[in-house]
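Here is data-v8.txt, consisting of compact mmCIF, C-alpha atoms:
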```
# COMPACT_ATOMS: atom_id res chain seq x y z
CA MET A 16 336.65 79.07 -70.50
CA LEU A 17 338.92 76.00 -70.51
CA GLY A 18 342.00 78.23 -70.79
CA ASP A 19 340.77 80.39 -67.92
CA GLN A 20 340.12 77.28 -65.87
CA THR A 21 343.64 75.97 -66.48
CA VAL A 22 345.26 79.29 -65.52
CA LEU A 23 343.16 79.59 -62.36
CA ILE A 24 343.80 76.00 -61.27
CA ALA A 25 347.54 76.51 -61.84
CA THR A 26 347.42 79.72 -59.79
CA GLY A 27 345.46 78.00 -57.01
CA THR A 28 347.90 75.09 -56.90
CA ALA A 29 350.87 77.48 -56.85
CA LEU A 30 349.31 79.43 -53.96
CA LEU A 31 348.61 76.23 -52.05
CA LEU A 32 352.21 75.05 -52.45
CA ILE A 33 353.63 78.49 -51.60
CA GLY A 34 351.47 78.64 -48.46
CA ILE A 35 352.35 75.14 -47.24
CA SER A 36 356.08 75.60 -47.88
CA SER A 37 356.01 78.99 -46.16
CA ILE A 38 354.30 77.50 -43.09
CA SER A 39 357.12 75.00 -42.74
CA VAL A 40 359.86 77.61 -43.26
CA SER A 41 358.48 80.55 -41.28
CA ARG A 42 359.72 81.07 -37.71
CA ASN A 43 357.31 83.87 -36.83
CA LEU A 44 353.91 82.57 -35.69
CA VAL A 45 351.98 85.51 -37.22
CA LYS A 46 353.71 84.84 -40.54
CA SER A 47 352.68 81.17 -40.21
CA ILE A 48 349.04 82.23 -39.86
CA MET A 49 349.45 84.46 -42.93
CA SER A 50 350.92 81.50 -44.84
CA PHE A 51 347.95 79.41 -43.77
CA GLN A 52 345.66 82.11 -45.17
CA VAL A 53 347.56 81.96 -48.48
CA SER A 54 347.08 78.18 -48.66
CA VAL A 55 343.35 78.66 -47.97
CA PHE A 56 343.27 81.16 -50.86
CA GLY A 57 344.88 78.57 -53.12
CA ALA A 58 342.45 75.84 -52.08
CA ASN A 59 339.48 78.16 -52.61
CA LEU A 60 340.68 79.25 -56.04
CA ALA A 61 341.35 75.66 -57.15
CA LEU A 62 337.94 74.52 -55.89
CA PHE A 63 336.17 77.43 -57.58
CA SER A 64 337.94 76.98 -60.91
CA SER A 65 337.26 73.22 -60.91
CA GLY A 66 333.57 74.01 -61.35
CA LEU A 67 334.04 76.63 -64.08
CA GLY A 68 333.93 74.29 -67.06
CA TYR A 69 330.44 73.01 -66.31
CA GLY A 70 327.06 74.66 -66.62
CA SER A 71 326.10 74.76 -62.97
CA HIS A 72 328.88 75.09 -60.42
CA LEU A 73 326.73 75.01 -57.33
CA LEU A 74 328.67 72.15 -55.71
CA SER A 75 332.06 73.86 -56.08
CA ASP A 76 330.57 77.13 -54.78
CA THR A 77 329.25 75.33 -51.72
CA PHE A 78 332.65 73.79 -51.07
CA VAL A 79 334.36 77.18 -51.44
CA LEU A 80 331.90 78.78 -49.02
CA LEU A 81 332.51 75.96 -46.52
CA SER A 82 336.27 76.34 -47.00
CA ILE A 83 336.08 80.11 -46.40
CA LEU A 84 334.17 79.63 -43.15
CA VAL A 85 336.40 76.83 -41.86
CA GLY A 86 339.58 78.72 -42.88
CA ALA A 87 338.49 81.93 -41.16
CA SER A 88 337.49 80.05 -38.00
CA VAL A 89 340.80 78.18 -37.83
CA GLU A 90 342.64 81.44 -38.36
CA ALA A 91 340.72 83.17 -35.56
CA VAL A 92 341.49 80.33 -33.14
CA GLY A 93 345.14 80.34 -34.23
CA LEU A 94 345.44 84.07 -33.58
CA ALA A 95 343.91 83.63 -30.12
CA VAL A 96 346.48 80.92 -29.37
CA ILE A 97 349.25 83.25 -30.61
CA VAL A 98 348.17 85.94 -28.13
CA LEU A 99 348.21 83.36 -25.30
CA VAL A 100 351.65 82.09 -26.35
CA TYR A 101 352.99 85.66 -26.49
CA ARG A 102 351.69 86.40 -22.98
CA ARG A 103 353.35 83.25 -21.63
CA TYR A 104 356.70 83.30 -23.42
CA GLY A 105 357.05 86.93 -24.51
CA THR A 106 358.10 86.04 -28.06
CA LEU A 107 356.60 84.78 -31.30
CA ASP A 108 359.74 83.04 -32.56
CA SER A 109 358.93 79.32 -32.71
CA ASP A 110 362.56 78.25 -32.10
CA GLU A 111 362.79 80.54 -29.06
CA ILE A 112 359.49 79.22 -27.70
CA ARG A 113 360.76 75.64 -28.09
CA ARG A 114 363.99 76.58 -26.29
CA LEU A 115 362.12 78.30 -23.43
CA ARG A 116 359.76 75.35 -23.03
CA ASN A 117 362.66 72.94 -22.62
CA MET B 1 342.65 94.11 -72.44
CA SER B 2 341.10 91.05 -74.01
CA ASN B 3 339.27 88.36 -72.09
CA GLU B 4 342.13 85.88 -72.45
CA LEU B 5 344.49 88.12 -70.52
CA VAL B 6 342.19 88.61 -67.52
CA PRO B 7 342.90 85.29 -65.71
CA ILE B 8 346.64 85.75 -66.32
CA PHE B 9 346.48 89.32 -64.96
CA LEU B 10 344.43 88.24 -61.93
CA GLY B 11 346.61 85.20 -61.22
CA GLY B 12 349.80 87.22 -61.63
CA ALA B 13 348.54 89.96 -59.33
CA LEU B 14 347.47 87.36 -56.76
CA ILE B 15 350.83 85.58 -56.77
CA ALA B 16 352.73 88.89 -56.71
CA SER B 17 350.82 90.23 -53.71
CA VAL B 18 351.20 86.90 -51.89
CA ALA B 19 354.94 86.90 -52.62
CA VAL B 20 355.24 90.43 -51.19
CA ALA B 21 353.23 89.33 -48.13
CA LEU B 22 355.40 86.30 -47.41
CA LEU B 23 358.80 87.72 -48.34
CA SER B 24 358.49 91.10 -46.63
CA ARG B 25 360.39 91.54 -43.38
CA ARG B 26 357.87 94.03 -41.96
CA VAL B 27 354.65 92.46 -40.71
CA SER B 28 352.68 95.62 -41.51
CA VAL B 29 353.67 95.41 -45.20
CA SER B 30 352.75 91.71 -45.18
CA LEU B 31 349.34 92.59 -43.76
CA ILE B 32 348.64 95.21 -46.44
CA ALA B 33 349.78 92.83 -49.21
CA LEU B 34 347.55 90.08 -47.81
CA PHE B 35 344.67 92.56 -47.75
CA TYR B 36 345.22 93.16 -51.46
CA ALA B 37 345.46 89.42 -52.13
CA SER B 38 342.05 88.94 -50.48
CA LEU B 39 340.57 91.72 -52.63
CA ILE B 40 342.06 90.25 -55.82
CA LEU B 41 340.67 86.80 -54.96
CA GLY B 42 337.25 88.36 -54.35
CA LEU B 43 337.49 90.22 -57.65
CA THR B 44 338.38 86.95 -59.41
CA PHE B 45 335.25 85.28 -58.06
CA THR B 46 333.19 88.35 -58.99
CA PHE B 47 334.66 88.48 -62.49
CA TYR B 48 333.70 84.86 -63.15
CA GLY B 49 330.09 85.55 -62.29
CA ASP B 50 330.00 84.58 -58.63
CA ALA B 51 329.55 87.95 -56.95
CA LEU B 52 328.19 86.45 -53.73
CA LEU B 53 331.29 84.29 -53.25
CA GLY B 54 333.49 87.31 -54.02
CA LEU B 55 331.63 89.39 -51.48
CA VAL B 56 331.91 86.69 -48.81
CA THR B 57 335.65 86.35 -49.51
CA MET B 58 336.21 90.09 -49.22
CA VAL B 59 334.06 90.48 -46.11
CA THR B 60 335.69 87.50 -44.38
CA PHE B 61 339.34 87.79 -45.36
CA ALA B 62 339.89 91.42 -46.36
CA GLY B 63 337.55 92.59 -43.59
CA ALA B 64 337.30 90.43 -40.50
CA VAL B 65 340.52 88.41 -40.68
CA SER B 66 342.64 91.45 -41.65
CA VAL B 67 341.34 93.45 -38.69
CA LEU B 68 341.92 90.42 -36.43
CA LEU B 69 345.50 90.06 -37.70
CA LEU B 70 346.05 93.78 -37.22
CA THR B 71 344.80 93.59 -33.63
CA VAL B 72 347.07 90.64 -32.83
CA ILE B 73 350.07 92.38 -34.41
CA LEU B 74 349.41 95.47 -32.30
CA ILE B 75 348.87 93.45 -29.10
CA THR B 76 352.07 91.46 -29.54
CA GLY B 77 354.01 94.58 -30.48
CA GLU B 78 355.81 92.79 -33.29
CA SER B 79 355.84 95.85 -35.48
CA SER B 80 355.11 99.53 -35.09
CA LEU B 81 352.39 100.48 -37.52
CA PRO B 82 352.59 104.12 -38.49
CA MET B 83 349.11 104.56 -39.96
CA GLY B 84 349.34 108.17 -41.00
CA ALA B 85 348.14 109.72 -44.22
CA LYS B 86 350.93 107.95 -46.13
CA SER B 87 349.81 104.48 -45.05
CA VAL B 88 346.16 105.26 -45.70
CA GLY B 89 347.19 106.41 -49.17
CA LEU B 90 349.18 103.20 -49.64
CA LEU B 91 346.06 101.28 -48.70
CA LEU B 92 343.48 103.22 -50.68
CA ILE B 93 345.12 104.56 -53.86
CA PRO B 94 346.09 101.16 -55.40
CA SER B 95 342.66 99.78 -54.48
CA ALA B 96 340.92 102.70 -56.15
CA GLY B 97 343.22 102.30 -59.19
CA ALA B 98 342.42 98.59 -59.48
CA VAL B 99 338.69 99.20 -59.18
CA GLY B 100 338.96 101.97 -61.80
CA ALA B 101 340.80 99.60 -64.16
CA PHE B 102 338.12 96.95 -63.76
CA SER B 103 335.42 99.56 -64.31
CA ILE B 104 337.03 100.66 -67.58
CA LEU B 105 337.35 96.98 -68.59
CA ALA B 106 333.67 96.38 -67.82
CA VAL B 107 332.62 99.43 -69.84
CA LEU B 108 334.86 98.43 -72.78
CA GLN B 109 333.40 94.93 -72.78
CA GLY B 110 329.90 96.34 -72.72
CA THR B 111 329.03 94.59 -69.47
CA GLY B 112 329.15 97.78 -67.46
CA VAL B 113 326.09 99.79 -66.59
CA ALA B 114 326.09 103.50 -65.85
CA PRO B 115 326.14 104.11 -62.09
CA THR B 116 323.05 106.28 -62.37
CA SER B 117 321.02 103.29 -63.52
CA ILE B 118 321.28 101.41 -60.23
CA ASP B 119 317.89 99.95 -59.47
CA THR B 120 317.05 101.31 -56.04
CA SER B 121 313.88 99.22 -55.84
CA LEU B 122 316.05 96.16 -55.13
CA SER B 123 317.39 95.31 -51.70
CA ALA B 124 320.13 97.36 -50.09
CA MET B 125 322.86 94.84 -50.95
CA ALA B 126 321.66 94.31 -54.53
CA PHE B 127 324.84 95.82 -55.96
CA ALA B 128 326.73 92.73 -54.82
CA TRP B 129 324.81 90.61 -57.30
CA SER B 130 324.84 93.04 -60.19
CA ASN B 131 328.57 92.63 -61.07
CA ARG B 132 329.54 96.31 -61.24
CA PRO B 133 333.19 96.58 -60.16
CA TRP B 134 333.14 100.23 -59.09
CA ASP B 135 330.61 99.38 -56.37
CA LEU B 136 333.37 97.36 -54.71
CA LEU B 137 335.08 100.64 -53.92
CA VAL B 138 332.44 101.19 -51.23
CA LEU B 139 333.47 97.93 -49.55
CA ILE B 140 337.16 98.76 -49.83
CA VAL B 141 336.67 102.16 -48.19
CA VAL B 142 334.70 100.57 -45.34
CA PHE B 143 337.37 97.90 -44.72
CA ALA B 144 340.23 100.39 -44.88
CA SER B 145 338.41 102.69 -42.45
CA ALA B 146 337.87 99.77 -40.04
CA MET B 147 341.58 98.93 -40.13
CA VAL B 148 342.65 102.53 -39.53
CA THR B 149 340.14 102.84 -36.66
CA VAL B 150 341.50 99.75 -34.93
CA VAL B 151 345.06 101.02 -35.30
CA ASN B 152 344.13 104.38 -33.83
CA LEU B 153 342.22 102.82 -30.93
CA LEU B 154 345.01 100.44 -29.97
CA GLY B 155 347.79 102.85 -30.84
CA LYS B 156 346.71 105.39 -28.25
CA GLU B 157 346.77 102.76 -25.50
CA LYS B 158 350.54 102.37 -25.77
```
Written as structure tokens, how would this file's structure read?
Amino acid sequence: MLGDQTVLIATGTALLLIGISSISVSRNLVKSIMSFQVSVFGANLALFSSGLGYGSHLLSDTFVLLSILVGASVEAVGLAVIVLVYRRYGTLDSDEIRRLRN
Amino acid sequence: MSNELVPIFLGGALIASVAVALLSRRVSVSLIALFYASLILGLTFTFYGDALLGLVTMVTFAGAVSVLLLTVILITGESSLPMGAKSVGLLLIPSAGAVGAFSILAVLQGTGVAPTSIDTSLSAMAFAWSNRPWDLLVLIVVFASAMVTVVNLLGKEK
């Protein structure tokens, strides 16, 4: 179980880092939301695997459930904002939006 | 496949699908890869004995959020999504293959139960707690159908 826990925590950390770095690199707003989803996946997996080594992992499960709900809500709001931004500026390129705003 | 290889397989599949999702130029391919990543994460939770968490992950991310992303992609017109038989096959065949692989694994490990022995006296969603991977195929078919329906509804508006 300890080996499984190590592999899953490493995977979760890798996903979190990939997601965060992709958010900062991505120019497309939809891709940014997808990167955010990837980082939520990583956080969930790391939280879940942190409770694997112990008998009862009720606390980590509760945190993962909370994280899923918060992540999905943030994503839904972000997508709504993206639709509004697209209607106003006609593009989803963040650099182009910044240029149009100035 | 021994038990030691399962977390490596699941983690590798998760990172591979996420890499495809983030590196692909086409948003539709990214969406399908992210759909698979959500399913793999749900399967990971299910495999480690937390079927409820796996179900919630799949319902929330592979179901609701994927359909929401699909709707936004179609509204913004970022990518044309040809959801014909080929795309549906792309969506369903790997999912069915993965579920089949997990079913064989469960049977080989002796944790699997014959599908005919499902206890119907339990509640309607009891399969989610009973850790039988092939039952997840039902969820996958429902989610894929929802995605194809949304594409068809919005696609005809254009």
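As for atom CA of Ser64 of chain A and atom CA of Leu94 of chain A, they are spaced 29.2 Å apart.
Nearest residue to chain A among B:Ser17, B:Ala51, B:Arg25, B:Thr76 is B:Thr76, counting all atoms listed in the file.
Going from atom CA of Leu10 of chain B to atom CA of Leu22 of chain B covers 18.3 Å.
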Listed atoms of segment 86-101 of chain A, axis-aligned box, 3 Å per side: centre and edge lengths to one decimal in Å, as JSON?
```
{"center_x": 345.2, "center_y": 82.1, "center_z": -34.1, "size_x": 21.5, "size_y": 13.8, "size_z": 23.6}
```
For Leu23 of chain A, find every residue with an atom within 7 Å (counting only C-alpha atoms), except residues of its own chain fewer than 2 positions away, and show them as a ChimeraX atom specification. /A:19-21,25-27,60-61,64 /B:7,11
Kindly save the residues from that selection, with C-alpha atoms included, as a compact mmCIF listing (two decimals), in the coordinates of the input.
```
# COMPACT_ATOMS: atom_id res chain seq x y z
CA ASP A 19 340.77 80.39 -67.92
CA GLN A 20 340.12 77.28 -65.87
CA THR A 21 343.64 75.97 -66.48
CA ALA A 25 347.54 76.51 -61.84
CA THR A 26 347.42 79.72 -59.79
CA GLY A 27 345.46 78.00 -57.01
CA LEU A 60 340.68 79.25 -56.04
CA ALA A 61 341.35 75.66 -57.15
CA SER A 64 337.94 76.98 -60.91
CA PRO B 7 342.90 85.29 -65.71
CA GLY B 11 346.61 85.20 -61.22
```
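Coordinates place atom CA of Asp76 of chain A at a distance of 6.3 Å from atom CA of Phe63 of chain A.
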Using all atoms listed in the file, what table do you get, as a Markdown table, when you list each residue of chain A with an atom no more than 9 Å from chain B, its nearest pair of atoms, and their distance in Å rounded to one decimal, rows by chain then rising number?
```
| residue | atom | partner | partner_atom | distance |
| --- | --- | --- | --- | --- |
| A:Met16 | CA | B:Glu4 | CA | 9.0 |
| A:Gly18 | CA | B:Glu4 | CA | 7.8 |
| A:Asp19 | CA | B:Pro7 | CA | 5.8 |
| A:Gln20 | CA | B:Pro7 | CA | 8.5 |
| A:Val22 | CA | B:Pro7 | CA | 6.5 |
| A:Leu23 | CA | B:Pro7 | CA | 6.6 |
| A:Ala25 | CA | B:Gly11 | CA | 8.8 |
| A:Thr26 | CA | B:Gly11 | CA | 5.7 |
| A:Gly27 | CA | B:Gly11 | CA | 8.4 |
| A:Ala29 | CA | B:Ile15 | CA | 8.1 |
| A:Leu30 | CA | B:Ile15 | CA | 6.9 |
| A:Ile33 | CA | B:Ala19 | CA | 8.6 |
| A:Gly34 | CA | B:Leu22 | CA | 8.7 |
| A:Ser37 | CA | B:Leu22 | CA | 7.4 |
| A:Ser41 | CA | B:Leu22 | CA | 9.0 |
| A:Val45 | CA | B:Ile73 | CA | 7.7 |
| A:Lys46 | CA | B:Leu22 | CA | 7.2 |
| A:Ile48 | CA | B:Leu69 | CA | 8.9 |
| A:Met49 | CA | B:Leu22 | CA | 7.7 |
| A:Ser50 | CA | B:Leu22 | CA | 7.1 |
| A:Gln52 | CA | B:Phe61 | CA | 8.5 |
| A:Val53 | CA | B:Val18 | CA | 7.0 |
| A:Phe56 | CA | B:Leu41 | CA | 7.4 |
| A:Leu60 | CA | B:Leu41 | CA | 7.6 |
| A:Phe63 | CA | B:Phe45 | CA | 7.9 |
| A:Leu67 | CA | B:Tyr48 | CA | 8.3 |
| A:Asp76 | CA | B:Leu53 | CA | 7.4 |
| A:Val79 | CA | B:Leu53 | CA | 8.0 |
| A:Leu80 | CA | B:Leu53 | CA | 7.0 |
| A:Ile83 | CA | B:Thr57 | CA | 7.0 |
| A:Leu84 | CA | B:Thr60 | CA | 8.1 |
| A:Ala87 | CA | B:Val65 | CA | 6.8 |
| A:Glu90 | CA | B:Val65 | CA | 7.6 |
| A:Ala91 | CA | B:Val65 | CA | 7.3 |
| A:Leu94 | CA | B:Val72 | CA | 6.8 |
| A:Ala95 | CA | B:Val72 | CA | 8.2 |
| A:Ile97 | CA | B:Val72 | CA | 8.0 |
| A:Val98 | CA | B:Val72 | CA | 6.7 |
| A:Tyr101 | CA | B:Thr76 | CA | 6.6 |
| A:Arg102 | CA | B:Thr76 | CA | 8.3 |
| A:Gly105 | CA | B:Thr76 | CA | 8.4 |
| A:Thr106 | CA | B:Thr76 | CA | 8.2 |
| A:Leu107 | CA | B:Thr76 | CA | 8.3 |
```
Can you take segment 16-63 of chain A from the block and write C-alpha atoms as a compact mmCIF listing (two decimals), in the first residue's frame?
```txt
# COMPACT_ATOMS: atom_id res chain seq x y z
CA MET A 16 0.00 0.00 0.00
CA LEU A 17 2.92 2.34 0.76
CA GLY A 18 4.29 1.85 -2.76
CA ASP A 19 0.87 2.56 -4.25
CA GLN A 20 0.59 5.66 -2.09
CA THR A 21 3.97 6.94 -3.26
CA VAL A 22 3.14 6.40 -6.94
CA LEU A 23 -0.25 8.08 -6.60
CA ILE A 24 1.12 11.07 -4.68
CA ALA A 25 3.86 11.48 -7.31
CA THR A 26 1.24 11.32 -10.08
CA GLY A 27 -0.97 13.84 -8.26
CA THR A 28 1.92 16.24 -7.75
CA ALA A 29 2.96 15.89 -11.40
CA LEU A 30 -0.61 16.62 -12.54
CA LEU A 31 -0.81 19.65 -10.25
CA LEU A 32 2.45 21.05 -11.60
CA ILE A 33 1.50 20.30 -15.23
CA GLY A 34 -1.87 22.03 -14.73
CA ILE A 35 -0.43 25.14 -13.07
CA SER A 36 2.35 25.52 -15.64
CA SER A 37 -0.12 25.02 -18.48
CA ILE A 38 -2.43 27.72 -17.06
CA SER A 39 0.44 30.20 -17.16
CA VAL A 40 1.54 29.20 -20.68
CA SER A 41 -1.82 28.75 -22.42
CA ARG A 42 -3.19 31.65 -24.48
CA ASN A 43 -6.58 30.10 -25.18
CA LEU A 44 -9.06 30.67 -22.34
CA VAL A 45 -10.82 27.30 -22.84
CA LYS A 46 -7.43 25.58 -22.64
CA SER A 47 -6.77 27.50 -19.40
CA ILE A 48 -9.98 26.11 -17.92
CA MET A 49 -8.92 22.62 -19.03
CA SER A 50 -5.53 23.16 -17.35
CA PHE A 51 -7.33 24.23 -14.20
CA GLN A 52 -9.31 20.98 -14.33
CA VAL A 53 -6.03 19.04 -14.61
CA SER A 54 -4.64 20.79 -11.53
CA VAL A 55 -7.87 19.95 -9.65
CA PHE A 56 -7.36 16.30 -10.68
CA GLY A 57 -3.83 16.42 -9.28
CA ALA A 58 -4.97 17.97 -6.00
CA ASN A 59 -7.75 15.40 -5.64
CA LEU A 60 -5.43 12.48 -6.34
CA ALA A 61 -2.79 13.75 -3.90
CA LEU A 62 -5.42 14.33 -1.19
CA PHE A 63 -6.94 10.89 -1.74
```
